[in-house]
>>> print(open('run27.tsv').read())   # TSV, C-alpha atoms (C1' of nucleotides)
chain	number	residue	atom	x	y	z
A	106	MET	CA	-11.67	-13.51	-31.02
A	107	ASN	CA	-14.98	-11.96	-31.94
A	108	ASP	CA	-15.62	-8.51	-30.62
A	109	GLU	CA	-17.34	-9.66	-27.46
A	110	GLU	CA	-14.44	-11.93	-26.55
A	111	PHE	CA	-12.07	-9.10	-27.31
A	112	GLN	CA	-13.84	-6.68	-25.00
A	113	THR	CA	-13.79	-9.30	-22.27
A	114	ALA	CA	-10.09	-9.99	-22.78
A	115	LYS	CA	-9.34	-6.29	-22.57
A	116	ALA	CA	-11.43	-5.75	-19.45
A	117	ASP	CA	-9.83	-8.76	-17.90
A	118	PHE	CA	-6.33	-7.60	-18.67
A	119	ILE	CA	-7.03	-4.15	-17.25
A	120	SER	CA	-8.52	-5.52	-14.07
A	121	GLN	CA	-5.71	-7.97	-13.43
A	122	TRP	CA	-3.08	-5.38	-14.24
A	123	GLY	CA	-4.65	-3.26	-11.55
A	124	THR	CA	-4.34	-6.09	-9.05
A	125	LEU	CA	-0.72	-6.61	-9.98
A	126	GLY	CA	-0.12	-2.90	-9.64
A	127	SER	CA	-1.31	-2.89	-6.07
A	128	SER	CA	1.01	-5.75	-5.18
A	129	TRP	CA	3.81	-3.43	-6.25
A	130	GLY	CA	3.27	-0.10	-4.48
A	131	ILE	CA	1.09	1.33	-7.29
A	132	ASN	CA	-2.51	2.17	-6.72
A	133	ARG	CA	-5.02	-0.01	-8.41
A	134	THR	CA	-6.80	2.66	-10.40
A	135	MET	CA	-3.62	4.27	-11.65
A	136	ALA	CA	-2.41	0.92	-12.95
A	137	GLN	CA	-5.77	0.26	-14.58
A	138	ILE	CA	-5.87	3.62	-16.31
A	139	HIS	CA	-2.38	3.05	-17.56
A	140	ALA	CA	-3.31	-0.39	-18.89
A	141	PHE	CA	-6.41	1.03	-20.54
A	142	LEU	CA	-4.51	3.79	-22.33
A	143	MET	CA	-1.71	1.45	-23.33
A	144	LEU	CA	-4.21	-0.76	-25.12
A	145	GLU	CA	-5.91	2.09	-26.95
A	146	LEU	CA	-4.59	3.36	-30.24
A	147	GLU	CA	-6.06	6.84	-29.94
A	148	PRO	CA	-5.78	9.32	-27.06
A	149	LYS	CA	-8.87	9.32	-24.80
A	150	ASP	CA	-10.55	12.08	-22.83
A	151	THR	CA	-11.42	12.02	-19.14
A	152	ASN	CA	-15.06	11.06	-19.72
A	153	THR	CA	-14.07	8.07	-21.78
A	154	VAL	CA	-11.70	6.89	-19.07
A	155	MET	CA	-14.36	7.43	-16.39
A	156	ASN	CA	-16.87	5.37	-18.30
A	157	ALA	CA	-14.51	2.64	-19.34
A	158	LEU	CA	-13.37	1.99	-15.78
A	159	ASN	CA	-16.48	3.08	-13.84
A	160	ILE	CA	-14.71	5.65	-11.75
A	161	SER	CA	-15.56	9.17	-10.68
A	162	ARG	CA	-14.38	12.33	-12.34
A	163	GLY	CA	-12.18	13.24	-9.39
A	164	ASN	CA	-10.53	9.88	-9.34
A	165	ALA	CA	-9.89	9.88	-13.08
A	166	ASN	CA	-8.56	13.39	-12.94
A	167	SER	CA	-6.09	12.83	-10.14
A	168	ASN	CA	-4.76	9.51	-11.36
A	169	LEU	CA	-4.35	10.87	-14.87
A	170	ARG	CA	-2.44	13.79	-13.42
A	171	ASP	CA	-0.18	11.40	-11.51
A	172	LEU	CA	0.45	9.33	-14.63
A	173	VAL	CA	1.44	12.49	-16.48
A	174	GLY	CA	3.70	13.29	-13.52
A	175	TRP	CA	5.39	9.93	-13.90
A	176	GLY	CA	5.89	10.65	-17.59
A	177	LEU	CA	3.97	7.53	-18.57
A	178	VAL	CA	1.09	9.44	-20.13
A	179	ARG	CA	1.00	12.58	-22.29
A	180	ARG	CA	-1.68	15.24	-22.57
A	181	VAL	CA	-2.84	15.72	-26.14
A	182	THR	CA	-5.00	18.49	-27.52
A	183	TYR	CA	-6.52	18.91	-30.93
A	184	PRO	CA	-7.02	22.35	-32.49
A	185	GLY	CA	-10.64	23.41	-32.32
A	186	ASP	CA	-11.41	21.01	-29.48
A	187	ARG	CA	-11.23	22.21	-25.90
A	188	LYS	CA	-11.06	18.80	-24.32
A	189	GLU	CA	-7.80	17.30	-23.16
A	190	TYR	CA	-6.96	13.83	-24.30
A	191	PHE	CA	-4.49	11.39	-22.80
A	192	GLU	CA	-2.15	9.03	-24.54
A	193	ALA	CA	0.12	6.40	-22.99
A	194	GLU	CA	3.71	5.87	-23.97
A	195	LYS	CA	3.58	2.52	-25.69
A	196	ASP	CA	7.19	1.62	-26.31
A	197	VAL	CA	8.21	-0.80	-23.62
A	198	TRP	CA	11.87	0.20	-23.40
A	199	THR	CA	10.95	3.88	-23.12
A	200	MET	CA	8.48	2.99	-20.38
A	201	PHE	CA	11.16	1.10	-18.53
A	202	CYS	CA	13.59	4.01	-18.71
A	203	THR	CA	10.95	6.46	-17.53
A	204	ILE	CA	9.99	4.31	-14.59
A	205	ALA	CA	13.63	3.72	-13.66
A	206	ARG	CA	14.34	7.44	-13.69
A	207	GLU	CA	11.32	8.30	-11.57
A	208	ARG	CA	11.79	5.54	-9.03
A	209	LYS	CA	15.38	6.65	-8.65
A	210	ARG	CA	14.30	10.16	-7.90
A	211	ARG	CA	11.44	9.26	-5.60
A	212	GLU	CA	12.69	6.19	-3.78
A	213	ILE	CA	16.39	5.53	-4.23
A	214	GLU	CA	17.61	9.02	-3.51
A	215	PRO	CA	15.83	9.40	-0.15
A	216	ALA	CA	17.14	5.97	0.86
A	217	LEU	CA	20.67	6.93	-0.08
A	218	ASN	CA	20.48	10.11	1.93
A	219	LEU	CA	19.48	8.16	4.99
A	220	LEU	CA	22.15	5.51	4.47
A	221	ARG	CA	24.89	8.04	3.85
A	222	SER	CA	24.01	10.10	6.85
A	223	SER	CA	23.94	7.01	9.08
A	224	SER	CA	27.15	5.53	7.77
A	225	SER	CA	29.10	8.73	8.09
A	226	LYS	CA	28.49	9.10	11.83
A	227	ARG	CA	31.72	9.32	13.75
A	228	CYS	CA	31.72	6.23	15.88
A	229	ASN	CA	33.49	4.91	18.89
A	230	LYS	CA	35.54	2.07	17.44
A	231	LYS	CA	35.79	0.33	20.75
A	232	ASP	CA	32.03	-0.16	20.74
A	233	SER	CA	31.27	-3.13	18.54
A	234	GLU	CA	27.59	-2.21	18.28
A	235	GLN	CA	28.38	1.24	16.96
A	236	LEU	CA	30.91	-0.24	14.61
A	237	HIS	CA	28.38	-2.69	13.27
A	238	PHE	CA	25.79	0.06	12.77
A	239	VAL	CA	28.17	2.16	10.74
A	240	GLU	CA	29.54	-0.76	8.74
A	241	GLN	CA	26.14	-2.20	7.97
A	242	THR	CA	24.67	1.08	6.78
A	243	ALA	CA	27.84	1.76	4.79
A	244	ALA	CA	27.56	-1.61	3.06
A	245	LEU	CA	23.96	-0.89	2.17
A	246	ALA	CA	24.85	2.57	0.92
A	247	GLU	CA	27.60	1.23	-1.28
A	248	PHE	CA	25.37	-1.42	-2.79
A	249	VAL	CA	22.53	0.98	-3.50
A	250	GLU	CA	24.95	3.49	-5.01
A	251	THR	CA	26.42	0.91	-7.34
A	252	THR	CA	23.17	-0.55	-8.56
A	253	ASP	CA	21.78	2.92	-8.97
A	254	LEU	CA	24.74	3.89	-11.11
A	255	ILE	CA	24.35	0.81	-13.27
A	256	LEU	CA	20.61	1.23	-13.65
A	257	ASN	CA	21.18	4.82	-14.59
A	258	LYS	CA	23.57	3.96	-17.32
A	259	VAL	CA	21.41	1.16	-18.62
A	260	ALA	CA	18.35	3.38	-18.68
A	261	ARG	CA	20.18	6.00	-20.70
A	262	SER	CA	21.38	3.60	-23.33
A	263	GLU	CA	19.75	2.55	-26.54
A	264	LYS	CA	17.74	-0.59	-26.10
A	265	SER	CA	19.37	-2.04	-29.18
A	266	LYS	CA	22.80	-1.63	-27.63
A	267	VAL	CA	22.20	-2.78	-24.10
A	268	LEU	CA	19.69	-5.58	-24.15
A	269	PRO	CA	21.38	-7.84	-26.67
A	270	PHE	CA	24.59	-7.42	-24.76
A	271	LEU	CA	23.06	-8.32	-21.41
A	272	VAL	CA	21.15	-11.20	-22.88
A	273	LYS	CA	24.32	-12.58	-24.41
A	274	ARG	CA	26.23	-12.22	-21.20
A	275	PHE	CA	23.56	-13.50	-18.84
A	276	SER	CA	21.15	-15.88	-20.43
B	38	MET	CA	28.77	9.29	19.18
B	39	ASN	CA	28.10	8.73	22.84
B	40	ASP	CA	25.60	6.04	23.68
B	41	GLU	CA	22.62	8.38	23.79
B	42	GLU	CA	23.40	9.72	20.33
B	43	PHE	CA	23.88	6.18	19.12
B	44	GLN	CA	20.48	5.04	20.37
B	45	THR	CA	18.90	8.04	18.71
B	46	ALA	CA	20.68	7.35	15.44
B	47	LYS	CA	19.54	3.75	15.51
B	48	ALA	CA	15.92	4.62	16.31
B	49	ASP	CA	15.98	7.24	13.62
B	50	PHE	CA	17.33	4.87	11.04
B	51	ILE	CA	14.73	2.23	11.89
B	52	SER	CA	11.88	4.68	11.73
B	53	GLN	CA	12.94	6.18	8.42
B	54	TRP	CA	13.62	2.75	6.93
B	55	GLY	CA	10.02	1.91	7.79
B	56	THR	CA	8.79	4.98	5.95
B	57	LEU	CA	10.87	4.07	2.92
B	58	GLY	CA	9.54	0.54	3.06
B	59	SER	CA	5.98	1.71	2.80
B	60	SER	CA	6.79	3.81	-0.26
B	61	TRP	CA	7.82	0.53	-1.85
B	62	GLY	CA	5.01	-1.97	-1.28
B	63	ILE	CA	6.42	-3.21	2.05
B	64	ASN	CA	4.57	-2.70	5.27
B	65	ARG	CA	6.05	-0.26	7.68
B	66	THR	CA	6.45	-2.59	10.62
B	67	MET	CA	8.01	-5.38	8.61
B	68	ALA	CA	10.62	-2.98	7.25
B	69	GLN	CA	11.30	-1.66	10.74
B	70	ILE	CA	11.75	-5.10	12.24
B	71	HIS	CA	14.10	-5.97	9.43
B	72	ALA	CA	16.10	-2.81	10.00
B	73	PHE	CA	16.21	-3.47	13.73
B	74	LEU	CA	17.50	-7.01	13.32
B	75	MET	CA	19.99	-5.98	10.67
B	76	LEU	CA	21.56	-3.54	13.08
B	77	GLU	CA	21.81	-6.01	15.94
B	78	LEU	CA	24.74	-8.33	16.30
B	79	GLU	CA	22.92	-11.02	18.28
B	80	PRO	CA	19.60	-12.74	17.48
B	81	LYS	CA	16.66	-11.24	19.39
B	82	ASP	CA	13.49	-12.80	20.77
B	83	THR	CA	9.93	-11.66	20.16
B	84	ASN	CA	9.68	-9.72	23.43
B	85	THR	CA	12.79	-7.74	22.65
B	86	VAL	CA	11.43	-6.83	19.23
B	87	MET	CA	8.05	-5.87	20.74
B	88	ASN	CA	9.68	-3.60	23.27
B	89	ALA	CA	12.20	-2.08	20.92
B	90	LEU	CA	9.54	-1.06	18.40
B	91	ASN	CA	6.53	-0.63	20.70
B	92	ILE	CA	4.34	-3.09	18.89
B	93	SER	CA	2.00	-5.83	20.04
B	94	ARG	CA	2.84	-9.49	20.32
B	95	GLY	CA	0.55	-10.41	17.42
B	96	ASN	CA	2.07	-7.79	15.17
B	97	ALA	CA	5.62	-8.83	16.01
B	98	ASN	CA	4.78	-12.48	15.53
B	99	SER	CA	3.18	-12.14	12.13
B	100	ASN	CA	5.75	-9.78	10.66
B	101	LEU	CA	8.58	-11.94	11.93
B	102	ARG	CA	6.92	-14.92	10.31
B	103	ASP	CA	6.64	-13.01	7.03
B	104	LEU	CA	10.29	-12.01	7.18
B	105	VAL	CA	11.23	-15.64	7.70
B	106	GLY	CA	8.98	-16.46	4.73
B	107	TRP	CA	10.92	-14.00	2.61
B	108	GLY	CA	14.13	-15.62	3.72
B	109	LEU	CA	15.46	-12.37	5.13
B	110	VAL	CA	15.39	-13.53	8.72
B	111	ARG	CA	16.29	-16.87	10.30
B	112	ARG	CA	14.90	-18.52	13.42
B	113	VAL	CA	17.62	-19.38	15.90
B	114	THR	CA	17.33	-21.54	18.98
B	115	TYR	CA	19.81	-22.20	21.74
B	116	PRO	CA	19.96	-25.55	23.53
B	117	GLY	CA	18.40	-25.34	26.96
B	118	ASP	CA	16.38	-22.23	26.06
B	119	ARG	CA	12.84	-22.60	24.84
B	120	LYS	CA	12.55	-19.16	23.30
B	121	GLU	CA	12.95	-18.58	19.58
B	122	TYR	CA	15.35	-15.89	18.49
B	123	PHE	CA	15.49	-14.11	15.18
B	124	GLU	CA	18.53	-13.09	13.21
B	125	ALA	CA	18.63	-11.05	9.99
B	126	GLU	CA	20.76	-11.94	7.03
B	127	LYS	CA	23.34	-9.19	7.04
B	128	ASP	CA	25.27	-9.68	3.84
B	129	VAL	CA	23.93	-7.17	1.36
B	130	TRP	CA	24.51	-9.22	-1.77
B	131	THR	CA	22.79	-12.25	-0.26
B	132	MET	CA	19.88	-10.03	0.73
B	133	PHE	CA	19.63	-8.72	-2.80
B	134	CYS	CA	19.58	-12.24	-4.26
B	135	THR	CA	16.94	-13.38	-1.81
B	136	ILE	CA	14.71	-10.43	-2.54
B	137	ALA	CA	15.14	-10.86	-6.29
B	138	ARG	CA	14.19	-14.52	-6.09
B	139	GLU	CA	11.12	-13.86	-3.98
B	140	ARG	CA	9.85	-10.92	-5.96
B	141	LYS	CA	10.23	-12.99	-9.09
B	142	ARG	CA	8.09	-15.72	-7.63
B	143	ARG	CA	5.48	-13.45	-6.11
B	144	GLU	CA	5.20	-10.64	-8.60
B	145	ILE	CA	6.91	-11.32	-11.89
B	146	GLU	CA	5.49	-14.77	-12.49
B	147	PRO	CA	1.83	-13.79	-12.09
B	148	ALA	CA	2.42	-10.83	-14.39
B	149	LEU	CA	4.00	-13.05	-16.99
B	150	ASN	CA	1.11	-15.48	-16.89
B	151	LEU	CA	-1.30	-12.66	-17.57
B	152	LEU	CA	0.81	-11.21	-20.37
B	153	ARG	CA	1.37	-14.54	-22.04
B	154	SER	CA	-2.25	-15.50	-21.93
B	155	SER	CA	-3.28	-12.14	-23.39
B	156	SER	CA	-0.67	-12.10	-26.11
B	157	SER	CA	-1.42	-15.61	-27.27
B	158	LYS	CA	-5.07	-14.91	-28.05
B	159	ARG	CA	-5.92	-15.72	-31.64
B	160	CYS	CA	-6.84	-12.39	-33.11
B	161	ASN	CA	-8.59	-11.09	-36.13
B	162	LYS	CA	-5.76	-9.44	-38.06
B	163	LYS	CA	-8.11	-7.16	-39.94
B	164	ASP	CA	-9.05	-5.52	-36.64
B	165	SER	CA	-6.33	-3.03	-35.79
B	166	GLU	CA	-7.49	-2.77	-32.18
B	167	GLN	CA	-7.17	-6.50	-31.61
B	168	LEU	CA	-3.84	-6.48	-33.36
B	169	HIS	CA	-2.60	-3.70	-31.11
B	170	PHE	CA	-3.81	-5.50	-27.99
B	171	VAL	CA	-1.95	-8.66	-28.89
B	172	GLU	CA	1.19	-6.87	-30.01
B	173	GLN	CA	1.33	-4.61	-26.98
B	174	THR	CA	0.92	-7.43	-24.49
B	175	ALA	CA	3.43	-9.52	-26.44
B	176	ALA	CA	5.99	-6.72	-26.29
B	177	LEU	CA	5.47	-6.42	-22.54
B	178	ALA	CA	5.76	-10.16	-22.09
B	179	GLU	CA	8.98	-10.31	-24.04
B	180	PHE	CA	10.50	-7.50	-22.06
B	181	VAL	CA	9.54	-8.94	-18.71
B	182	GLU	CA	10.80	-12.37	-19.75
B	183	THR	CA	14.17	-10.99	-20.77
B	184	THR	CA	14.77	-8.87	-17.72
B	185	ASP	CA	13.61	-11.71	-15.53
B	186	LEU	CA	16.10	-14.03	-17.16
B	187	ILE	CA	18.91	-11.55	-16.69
B	188	LEU	CA	18.00	-10.82	-13.09
B	189	ASN	CA	17.87	-14.52	-12.43
B	190	LYS	CA	21.32	-15.11	-13.74
B	191	VAL	CA	22.73	-12.12	-11.94
B	192	ALA	CA	21.15	-13.20	-8.67
B	193	ARG	CA	22.67	-16.64	-8.97
B	194	SER	CA	26.17	-15.40	-9.60
B	195	GLU	CA	28.90	-14.63	-7.17
B	196	LYS	CA	28.93	-11.01	-6.21
B	197	SER	CA	32.64	-10.86	-6.87
B	198	LYS	CA	32.14	-12.00	-10.45
B	199	VAL	CA	29.14	-9.96	-11.49
B	200	LEU	CA	29.33	-6.61	-9.83
B	201	PRO	CA	32.84	-5.63	-10.90
B	202	PHE	CA	31.93	-6.63	-14.42
B	203	LEU	CA	28.75	-4.56	-14.50
B	204	VAL	CA	30.45	-1.63	-12.88
B	205	LYS	CA	33.21	-1.70	-15.45
B	206	ARG	CA	30.78	-1.95	-18.33
B	207	PHE	CA	28.25	0.60	-17.09
B	208	SER	CA	29.72	3.24	-14.89
C	194	DC	C1'	-18.23	40.86	-20.10
C	195	DC	C1'	-20.95	36.39	-20.08
C	196	DT	C1'	-21.78	31.77	-20.70
C	197	DA	C1'	-20.87	27.15	-21.87
C	198	DA	C1'	-17.41	23.68	-21.89
C	199	DC	C1'	-14.28	21.77	-19.57
C	200	DT	C1'	-10.85	20.85	-15.40
C	201	DT	C1'	-9.56	20.87	-10.61
C	202	DT	C1'	-10.28	20.70	-5.76
C	203	DC	C1'	-11.60	18.86	-1.48
C	204	DA	C1'	-14.71	17.62	2.48
C	205	DG	C1'	-16.93	13.58	3.48
C	206	DT	C1'	-17.09	8.63	3.07
C	207	DA	C1'	-15.87	4.04	1.71
C	208	DA	C1'	-12.52	0.37	1.24
C	209	DT	C1'	-8.40	-1.53	2.47
C	210	DT	C1'	-4.73	-2.66	5.28
C	211	DA	C1'	-2.42	-3.02	9.63
C	212	DC	C1'	-2.51	-3.68	14.70
C	213	DT	C1'	-3.99	-5.08	19.34
C	214	DG	C1'	-4.53	-8.14	23.03
C	215	DA	C1'	-6.77	-11.77	25.03
C	216	DA	C1'	-7.66	-16.50	24.32
C	217	DA	C1'	-6.40	-20.84	22.39
C	218	DG	C1'	-2.73	-23.81	21.07
C	219	DT	C1'	1.77	-26.09	21.58
C	220	DT	C1'	5.82	-27.85	23.67
C	221	DT	C1'	8.83	-29.43	27.21
C	222	DA	C1'	10.49	-30.28	31.81
C	223	DG	C1'	9.43	-32.38	35.88
D	152	DC	C1'	-0.19	-35.93	33.36
D	153	DT	C1'	0.38	-31.07	34.58
D	154	DA	C1'	1.94	-26.66	34.68
D	155	DA	C1'	4.75	-23.17	33.06
D	156	DA	C1'	6.86	-21.06	29.13
D	157	DC	C1'	6.35	-19.87	25.04
D	158	DT	C1'	3.92	-19.17	20.17
D	159	DT	C1'	0.01	-18.56	17.21
D	160	DT	C1'	-4.53	-17.08	15.99
D	161	DC	C1'	-8.18	-14.03	15.16
D	162	DA	C1'	-12.27	-11.00	16.16
D	163	DG	C1'	-12.56	-6.32	16.88
D	164	DT	C1'	-10.67	-1.82	16.09
D	165	DA	C1'	-7.60	1.71	14.50
D	166	DA	C1'	-5.00	3.91	10.88
D	167	DT	C1'	-4.26	4.63	6.28
D	168	DT	C1'	-5.33	5.12	1.66
D	169	DA	C1'	-8.40	5.68	-2.15
D	170	DC	C1'	-12.79	7.43	-4.12
D	171	DT	C1'	-16.97	10.24	-4.88
D	172	DG	C1'	-19.46	14.03	-6.46
D	173	DA	C1'	-20.79	18.52	-5.97
D	174	DA	C1'	-18.90	23.01	-5.97
D	175	DA	C1'	-15.40	26.19	-7.32
D	176	DG	C1'	-12.12	27.41	-10.77
D	177	DT	C1'	-10.50	28.20	-15.52
D	178	DT	C1'	-10.61	29.20	-20.38
D	179	DA	C1'	-12.22	30.53	-24.85
D	180	DG	C1'	-15.75	31.97	-28.05
D	181	DG	C1'	-19.31	35.06	-28.89
>>> encode(input="run27.tsv", output="structure tokens")
Amino acid sequence: MNDEEFQTAKADFISQWGTLGSSWGINRTMAQIHAFLMLELEPKDTNTVMNALNISRGNANSNLRDLVGWGLVRRVTYPGDRKEYFEAEKDVWTMFCTIARERKRREIEPALNLLRSSSSKRCNKKDSEQLHFVEQTAALAEFVETTDLILNKVARSEKSKVLPFLVKRFS
Amino acid sequence: MNDEEFQTAKADFISQWGTLGSSWGINRTMAQIHAFLMLELEPKDTNTVMNALNISRGNANSNLRDLVGWGLVRRVTYPGDRKEYFEAEKDVWTMFCTIARERKRREIEPALNLLRSSSSKRCNKKDSEQLHFVEQTAALAEFVETTDLILNKVARSEKSKVLPFLVKRFS
DNA sequence: CCTAACTTTCAGTAATTACTGAAAGTTTAG
DNA sequence: CTAAACTTTCAGTAATTACTGAAAGTTAGG
């Protein structure tokens, strides 16, 4: 790759990563900023991000804040420089653990609350519809609980301990 | 629960499941229809779904079609009755395997293509930015490949063989 | 204090995504 | 072949979500 090809490859990657992001529930710009920072060696300031992705200050600011909220990006400051810079976590296993932890908190826990409250309703056992409602939500609750527990454990382990083990067992 | 409480509980569950769905990338109505059918014992026709969820014929039709496309809902017909009825898969493990397989096809594979094509670019090894680009995308590709492989294997196994094993090892 | 450098907010708007309902299409029974 | 019963499509619209940019807020150095 010469430099021109490289810049194109980077821009292309960032743009497509954004598209992928939106097919998961992640907003396009947030995914693009994350891709951009992941590919950079040095932390970047808001203006650099704005220019690189052609987005407004407000947009850059709020998506950067969200990324920091997810723990995928860190704020960095240098002494004698008032600007804030942003740096992405680059280790893939760490990223995975962070995302697992956050999704658990934001998405799995609310679902579990709903499932538990539904499945613990006292029901009329003569009514097969009520019975089915309680049993079905209970089955869902149990499954989500179990996978959550496993994911939790996995995400707290050392990559070097867990992955080789799973690979050996399952592939 | 008397019947009134039961109807409320059901409606509540369906509505909240829809909200949860949209916080993942799934559209509200599709999640609600799925929840509705999961809680019913008998297959339901389009009109019943429309009335139960207060949605239009077109909306019901297209979301039901999508659910069938995902393999989460089956079309059922009865001899001597021209209507089509819809029935949700109710076994939680089967649902999980179906979803895993579909998400793989729709979301993981496109991501892998992108990552592989980026990480296989011939790069100028004197240029640390190019090197980082290729290494970072390669690391992502490897991780996605591995987890995909594992998920694949897990989703093809018998619940009774895999889950107890994982639970024992990880919780 | 005051000002310059920088960050955050938010009302207004644009873009995207989802929904409606009537019309067109399809199938089957007679 | 025809009509009734049912399903699918899609142009128009509504609802949601994301973005802009100017104004307000904050901080630190002088």
>>> axis_aligned_box(input="run27.tsv", around="region 210-214 of chain A", padding_each_side="4 Å", output="lines of an AutoDock Vina configuration file")
center_x = 14.5
center_y = 7.8
center_z = -5.7
size_x = 14.2
size_y = 12.6
size_z = 12.4
>>> atom_distance(input="run27.tsv", atom1="CA of Ser165 (chain B)", atom2="CA of Phe141 (chain A)")
15.8 Å
>>> closest_atom_pairs(input="run27.tsv", of="chain C", to="region 161-165 of chain D", cutoff="10 Å", atoms="only C-alpha atoms (C1' of nucleotides)", output="Markdown table")
| residue | atom | partner | partner_atom | distance |
| --- | --- | --- | --- | --- |
| C:DA211 | C1' | D:DA165 | C1' | 8.5 |
| C:DC212 | C1' | D:DA165 | C1' | 7.4 |
| C:DT213 | C1' | D:DT164 | C1' | 8.1 |
| C:DA216 | C1' | D:DC161 | C1' | 9.5 |
>>> closest_atom_pairs(input="run27.tsv", of="chain B", to="chain D", cutoff="12 Å", atoms="all atoms listed in the file", output="Markdown table")
| residue | atom | partner | partner_atom | distance |
| --- | --- | --- | --- | --- |
| B:Ser59 | CA | D:DT167 | C1' | 11.2 |
| B:Asn64 | CA | D:DT167 | C1' | 11.5 |
| B:Arg65 | CA | D:DT167 | C1' | 11.5 |
| B:Asp82 | CA | D:DC157 | C1' | 10.9 |
| B:Thr83 | CA | D:DT158 | C1' | 9.6 |
| B:Asn84 | CA | D:DC157 | C1' | 10.8 |
| B:Arg94 | CA | D:DT158 | C1' | 9.7 |
| B:Gly95 | CA | D:DT159 | C1' | 8.2 |
| B:Asn96 | CA | D:DT159 | C1' | 11.2 |
| B:Ala97 | CA | D:DT158 | C1' | 11.3 |
| B:Asn98 | CA | D:DT159 | C1' | 7.9 |
| B:Ser99 | CA | D:DT159 | C1' | 8.8 |
| B:Leu101 | CA | D:DT158 | C1' | 11.9 |
| B:Arg102 | CA | D:DT159 | C1' | 10.4 |
| B:Asp118 | CA | D:DA156 | C1' | 10.1 |
| B:Arg119 | CA | D:DC157 | C1' | 7.0 |
| B:Lys120 | CA | D:DC157 | C1' | 6.5 |
| B:Glu121 | CA | D:DC157 | C1' | 8.7 |
| B:Tyr122 | CA | D:DC157 | C1' | 11.8 |
>>> interface_residues(input="run27.tsv", of="chain B", to="chain A", cutoff="6 Å", atoms="all atoms listed in the file", output="short mmCIF file (atom, residue, chain, number, x, y, z; two decimals) with C-alpha atoms, in the coordinates of the input")
data_model
loop_
_atom_site.label_atom_id
_atom_site.label_comp_id
_atom_site.auth_asym_id
_atom_site.auth_seq_id
_atom_site.Cartn_x
_atom_site.Cartn_y
_atom_site.Cartn_z
CA MET B 38 28.77 9.29 19.18
CA TRP B 61 7.82 0.53 -1.85
CA GLY B 62 5.01 -1.97 -1.28
CA LEU B 76 21.56 -3.54 13.08
CA CYS B 160 -6.84 -12.39 -33.11
CA PHE B 170 -3.81 -5.50 -27.99
CA ILE B 187 18.91 -11.55 -16.69
CA LYS B 190 21.32 -15.11 -13.74
CA PHE B 207 28.25 0.60 -17.09
#
>>> interface_residues(input="run27.tsv", of="chain C", to="chain A", cutoff="12 Å", atoms="all atoms listed in the file", output="VMD selection string")
chain C and resid 197 to 203 209 to 210
>>> atom_distance(input="run27.tsv", atom1="CA of Asn150 (chain B)", atom2="CA of Met200 (chain A)")
20.2 Å
>>> closest_residue(input="run27.tsv", among="A:Ala136, A:Phe270, A:Glu250, A:Asn159", to="Glu214 (chain A)", atoms="all atoms listed in the file")
A:Glu250
>>> closest_residue(input="run27.tsv", among="B:Ile92, B:Ala192, B:Val86, B:Ala137", to="His71 (chain B)", atoms="all atoms listed in the file")
B:Val86
>>> atom_distance(input="run27.tsv", atom1="CA of Val113 (chain B)", atom2="CA of Leu74 (chain B)")
12.6 Å
>>> decode(input="run27.tsv", residues="chain D", atoms="C-alpha atoms (C1' of nucleotides)", output="mmCIF file, in the first residue's frame")
data_model
loop_
_atom_site.group_PDB
_atom_site.id
_atom_site.type_symbol
_atom_site.label_atom_id
_atom_site.label_comp_id
_atom_site.auth_asym_id
_atom_site.auth_seq_id
_atom_site.Cartn_x
_atom_site.Cartn_y
_atom_site.Cartn_z
ATOM 1 C "C1'" DC D 152 -64.691 -19.032 -15.209
ATOM 2 C "C1'" DT D 153 -66.058 -16.378 -11.140
ATOM 3 C "C1'" DA D 154 -66.396 -14.841 -6.737
ATOM 4 C "C1'" DA D 155 -65.113 -14.972 -2.149
ATOM 5 C "C1'" DA D 156 -61.445 -15.541 1.098
ATOM 6 C "C1'" DC D 157 -57.343 -14.644 2.014
ATOM 7 C "C1'" DT D 158 -52.285 -12.606 1.418
ATOM 8 C "C1'" DT D 159 -48.987 -9.356 -0.296
ATOM 9 C "C1'" DT D 160 -47.379 -4.964 -1.853
ATOM 10 C "C1'" DC D 161 -46.280 -0.265 -1.657
ATOM 11 C "C1'" DA D 162 -46.954 4.873 -1.885
ATOM 12 C "C1'" DG D 163 -47.740 8.054 1.536
ATOM 13 C "C1'" DT D 164 -47.220 9.326 6.296
ATOM 14 C "C1'" DA D 165 -46.000 9.033 11.068
ATOM 15 C "C1'" DA D 166 -42.679 8.156 14.666
ATOM 16 C "C1'" DT D 167 -38.187 7.739 16.024
ATOM 17 C "C1'" DT D 168 -33.498 8.603 16.085
ATOM 18 C "C1'" DA D 169 -29.435 11.123 14.906
ATOM 19 C "C1'" DC D 170 -27.095 15.516 13.719
ATOM 20 C "C1'" DT D 171 -26.009 20.479 13.387
ATOM 21 C "C1'" DG D 172 -24.279 24.687 14.935
ATOM 22 C "C1'" DA D 173 -24.733 28.551 17.595
ATOM 23 C "C1'" DA D 174 -25.010 29.866 22.277
ATOM 24 C "C1'" DA D 175 -24.048 29.031 27.019
ATOM 25 C "C1'" DG D 176 -20.952 27.020 30.259
ATOM 26 C "C1'" DT D 177 -16.391 25.963 32.234
ATOM 27 C "C1'" DT D 178 -11.561 26.380 33.303
ATOM 28 C "C1'" DA D 179 -6.987 28.195 33.680
ATOM 29 C "C1'" DG D 180 -3.503 31.647 32.862
ATOM 30 C "C1'" DG D 181 -2.398 36.304 33.143
#
